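Participant: Take this structure first; my questions come after.
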Number of protein chains: 2
Amino acid sequence: MKLGQATIKDIARELNLSASTISRALKDYPGISDETKRRVKEVAKNMNYRPNAIALSLRKSRSFTIGVIIPEVVHFFFSTVISGIEDIAQSRGYNVILSQSNEKLDREISSIETMLSNQIDGVLVSYSKETESFDHFTRVLDQGFPIVFFDRAPAIPNAINVMVADYQGAYDATIHLISQGYKNIVHLSGPKALKISIDREQGYRDALEKNGISVNPANIIECPLGTLEEGQRLVSELFNSLPERPDAFFSCNDIGAVGAMKACRDIGLKIPLEVGIVGFSDWQFCAMLDPQLSSVSQPGFMMGARATEILIDIIEKKLDVETMERNLILETKLMERDSSRRF
Amino acid sequence: MKLGQATIKDIARELNLSASTISRALKDYPGISDETKRRVKEVAKNMNYRPNAIALSLRKSRSFTIGVIIPEVVHFFFSTVISGIEDIAQSRGYNVILSQSNEKLDREISSIETMLSNQIDGVLVSYSKETESFDHFTRVLDQGFPIVFFDRAPAIPNAINVMVADYQGAYDATIHLISQGYKNIVHLSGPKALKISIDREQGYRDALEKNGISVNPANIIECPLGTLEEGQRLVSELFNSLPERPDAFFSCNDIGAVGAMKACRDIGLKIPLEVGIVGFSDWQFCAMLDPQLSSVSQPGFMMGARATEILIDIIEKKLDVETMERNLILETKLMERDSSRRF
DNA sequence: TCTCTGTACGCAATCGATTTCAAAGATTAC
DNA sequence: GTAATCTTTGAAATCGATTGCGTACAGAGA
């Protein structure tokens, strides 16, 4: 019989009391006799009563649910972020509604609409690679609805962002390669639509220039897809086209770095002796490779956790959107491993 | 002003109509004049009206939301399953509420309670390693509430399960190792609490026996944690303790296989010449390793997608729980790669 | 003029829980 | 003995949308 859950009215009928009394008794409100409270709780337990959160949401205009819009779930970094989100949300009594955009703008838009219809209290967003206009976010923000962006910060004034120190991470990685004696360092960059790609490239550029190395535009290769095959192919082509052979690669992601690694191995170059490689993100597999891949570690769990804390603090008005710090930047850490260590 | 969304009443007031008329006009019900419909829709648009799904849920006792309880999000296989779930749910108009148990029973229990409170229409579950009693599920199932289990099938009569062919996958992997001439094959098994561990071990056993090789209990090593370090350590110990040195490892997961790989390399054994290795799950990184790791590929996306389809079909009564097929087993595929290919 | 048939819309109940206001009954104070 | 106070409980409105039923009005037919 799935005739459904017992409600407060069922308990009321059973005990010949009113719904109001049941509600108060269950919540230990004053003004209800101990005897009544006891009986109500007993019957509630026997009837396997479970409060209807939907009814509560309707009444309070609060659902204790936050939405998460994320480009991909099958992605080491993003799944780590989700884990952090879920962890904090759970501990603070919030549900998490998940939607992946698959890097598609239209899906991103429809997701946020559905979520708003479902009266979520706030939303965490990492926007898709396709997203160039942010109207669908500003519209909502202007209504005073809380949004916290993570990893990918949109060009919206006053948006609240939680990011990693992409610039600094890239800078550190490049400095590391320079310090290991690599001279001709190539950067495999990401899609230009993402601020993180631009920041990482800038970190690379500045590190070179600070060390008196002029940046050769031919040494910056855009890898829009970020797949292994793409990285491998582009690096192979590079070996054939560049007059001076590169002796190091700093990739804006780990998969691309593996592609570069394979391309190097294909033509018999020794890593790290002849070529140094550093990735970005420090995916799980970096330490499993041979040689182990150096990479810039991003605090994914922390990012999810902090973004969620901020969002919930805003929802619960523990933070004032007008005056709060709008950008939180989490530090990266360079994991030096064998793929780039010559000394 | 976050004074909130426009409601049907706001539109009604604006147009001097009743709420019922607005509702019907928006849904193109008959009995409303075309002119009224036009005006209502126009005002709705201007006021940026968004229907309140919570109110609907309350009225219909249907939330168009399904819950997902999963041990871990940061896990290649599970994240792939989530992706499949999310994909189908989205296309069929359902929201996904996500909760990770972190392999903890109490979190699993509280998650399902919260979700039920939130009036989800059904739930997809992969239970935690700690879960040994399934009362918290049967209680709910007995009320007629739809649950579909995936990957890890509980010992509940009549439960609906979507699994991969663990037995067959393990059988195939072992046969493959035998066919490559490996003689002394060790199995790194998983926690005995999980049916998948038992099935995989049985596949290994049967493959050996079908080929006239008797199963040596000392060749079955339980790896309850499933970490790289554990695998590496246990395999190293094995090399010191077993009288006859193993020449192949079939691990019930990929991480353990990498551990075994490292342990072999530590003592200078050549892969696949002297030792063959096969993992299970075919995580993304398998193809990135050197040598590439052979592994049994599990259709994670498919599993999530199929489980979700079944769940939604049950919710929408397109499937009859009494008469339907209760176990769906998805085929695995052995990905033969360099770590186990001698010929 | 009266009845009949549509058309176009409104009233009110409903979903489940909360909460304001009020009231019945018991007890105390003077 | 009566008013005042306290204890314990109930009625009803509310959140937003849906829906069965009722009704006002216009035009048609007799």
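Starting from 1 in every chain, residues are counted up; chains themselves are A, B, ... following the order of the structure tokens, and ligands are numbered from 1 as listed.
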Restrict the distance test to only C-alpha atoms (C1' of nucleotides), flag each residue of chain C within 12 Å of chain A, and return the flagged residues as an NGL selection string.

Facilitator: :C and (15-20)

Participant: Name the residues of segment 179-293 of chain A that come out as alpha helix (DSSP H) in a backbone DSSP run; write them as a PyMOL selection string.

Facilitator: chain A and resi 179+195-210+228-241+254-266

Participant: What lies within 12 Å of DA26 of chain D using only C-alpha atoms (C1' of nucleotides), ignoring chain neighbours under 4 positions off, as a PyMOL selection string?

Facilitator: chain C and resi 5-8

Participant: Selection from above, N, CA and C atoms (P, O5', C5', C4', C3', O3' and C1' of nucleotides), as a compact mmCIF listing (two decimals), in the first residue's frame, can you write it?

Facilitator:
```
# COMPACT_ATOMS: atom_id res chain seq x y z
P DT C 5 -30.64 22.20 -23.58
O5' DT C 5 -29.36 22.87 -24.24
C5' DT C 5 -29.48 23.46 -25.54
C4' DT C 5 -28.28 24.34 -25.79
C3' DT C 5 -26.95 23.77 -25.26
O3' DT C 5 -25.97 23.90 -26.29
C1' DT C 5 -27.25 25.99 -24.52
P DG C 6 -24.82 22.74 -26.37
O5' DG C 6 -23.48 23.56 -26.17
C5' DG C 6 -23.53 24.70 -25.35
C4' DG C 6 -22.91 25.88 -26.09
C3' DG C 6 -21.44 26.03 -25.79
O3' DG C 6 -20.78 26.72 -26.84
C1' DG C 6 -22.72 27.69 -24.63
P DT C 7 -19.18 26.73 -26.79
O5' DT C 7 -18.86 28.08 -26.03
C5' DT C 7 -19.41 29.30 -26.52
C4' DT C 7 -19.05 30.44 -25.57
C3' DT C 7 -17.59 30.42 -25.11
O3' DT C 7 -17.06 31.73 -25.29
C1' DT C 7 -19.05 30.60 -23.26
P DA C 8 -15.48 31.99 -25.06
O5' DA C 8 -15.48 32.51 -23.57
C5' DA C 8 -16.21 33.69 -23.24
C4' DA C 8 -16.04 33.96 -21.76
C3' DA C 8 -14.59 33.79 -21.27
O3' DA C 8 -14.22 34.96 -20.54
C1' DA C 8 -16.09 32.55 -19.91
```

Participant: One decimal, in Å: what's the spacing between atom CA of Glu229 of chain B and atom CA of Val74 of chain B?

Facilitator: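 Taking atom CA of Glu229 of chain B as the start and atom CA of Val74 of chain B as the end point, the length is 18.0 Å.
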
Participant: Would you list which chain A residues are within 9 Å of chain B using only C-alpha atoms, as a PyMOL selection string?

Facilitator: chain A and resi 1-5+50-55+57-58+63+72-83+86-87+90+95-100+111+113-119+142-145+228+255+258-259+262+284-286+288-291

Participant: Return as a ChimeraX atom specification the residues belonging to chain D that are within 7 Å of chain A, counting only C-alpha atoms (C1' of nucleotides).

Facilitator: /D:7-10,15

Participant: State, in Å with one decimal place, the distance from atom CA of Phe134 of chain B to atom CA of Gly203 of chain B.

Facilitator: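 Atom CA of Phe134 of chain B sits 25.8 Å away from atom CA of Gly203 of chain B.
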
Participant: Would you pick out the contacts of segment 21-24 of chain D at 12 Å or less, using only C-alpha atoms (C1' of nucleotides), so that residues sharing its chain but fewer than 4 positions from it are not included, and give the list as a list in words?

Facilitator: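 Close residues of segment 21-24 of chain D: DT7, DA8, DC9, DG10, DC11, DA12 and DA13 of chain C.
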
Participant: With N, CA and C atoms (P, O5', C5', C4', C3', O3' and C1' of nucleotides) kept, could you save the residues just selected as a compact mmCIF listing (two decimals), in the first residue's frame?

Facilitator:
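Just written: result17.txt:
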```txt
# COMPACT_ATOMS: atom_id res chain seq x y z
P DT C 7 -19.18 26.73 -26.79
O5' DT C 7 -18.86 28.08 -26.03
C5' DT C 7 -19.41 29.30 -26.52
C4' DT C 7 -19.05 30.44 -25.57
C3' DT C 7 -17.59 30.42 -25.11
O3' DT C 7 -17.06 31.73 -25.29
C1' DT C 7 -19.05 30.60 -23.26
P DA C 8 -15.48 31.99 -25.06
O5' DA C 8 -15.48 32.51 -23.57
C5' DA C 8 -16.21 33.69 -23.24
C4' DA C 8 -16.04 33.96 -21.76
C3' DA C 8 -14.59 33.79 -21.27
O3' DA C 8 -14.22 34.96 -20.54
C1' DA C 8 -16.09 32.55 -19.91
P DC C 9 -12.72 35.07 -20.00
O5' DC C 9 -12.94 34.70 -18.48
C5' DC C 9 -13.73 35.60 -17.69
C4' DC C 9 -14.28 34.87 -16.50
C3' DC C 9 -13.31 34.60 -15.37
O3' DC C 9 -13.38 35.69 -14.46
C1' DC C 9 -15.00 32.92 -15.63
P DG C 10 -12.41 35.72 -13.19
O5' DG C 10 -13.34 35.12 -12.02
C5' DG C 10 -14.62 35.69 -11.80
C4' DG C 10 -15.30 34.99 -10.63
C3' DG C 10 -14.43 34.87 -9.37
O3' DG C 10 -15.28 35.05 -8.25
C1' DG C 10 -15.03 32.70 -10.13
P DC C 11 -14.67 35.19 -6.82
O5' DC C 11 -15.21 33.89 -6.06
C5' DC C 11 -16.49 33.36 -6.41
C4' DC C 11 -16.80 32.15 -5.55
C3' DC C 11 -16.06 32.07 -4.22
O3' DC C 11 -16.95 31.50 -3.28
C1' DC C 11 -15.46 30.21 -5.57
P DA C 12 -16.58 31.48 -1.73
O5' DA C 12 -15.98 30.01 -1.57
C5' DA C 12 -16.69 28.91 -2.17
C4' DA C 12 -15.89 27.64 -1.97
C3' DA C 12 -15.05 27.59 -0.70
O3' DA C 12 -15.12 26.27 -0.21
C1' DA C 12 -13.66 27.26 -2.56
P DA C 13 -14.60 25.90 1.22
O5' DA C 13 -13.99 24.46 0.93
C5' DA C 13 -14.62 23.61 -0.03
C4' DA C 13 -13.60 22.63 -0.57
C3' DA C 13 -12.62 22.09 0.48
O3' DA C 13 -12.48 20.69 0.27
C1' DA C 13 -11.42 23.09 -1.28
```

Participant: Hey, can you check how far atom CA of Ile329 of chain B sits from atom CA of Val162 of chain B?

Facilitator: 5.9 Å
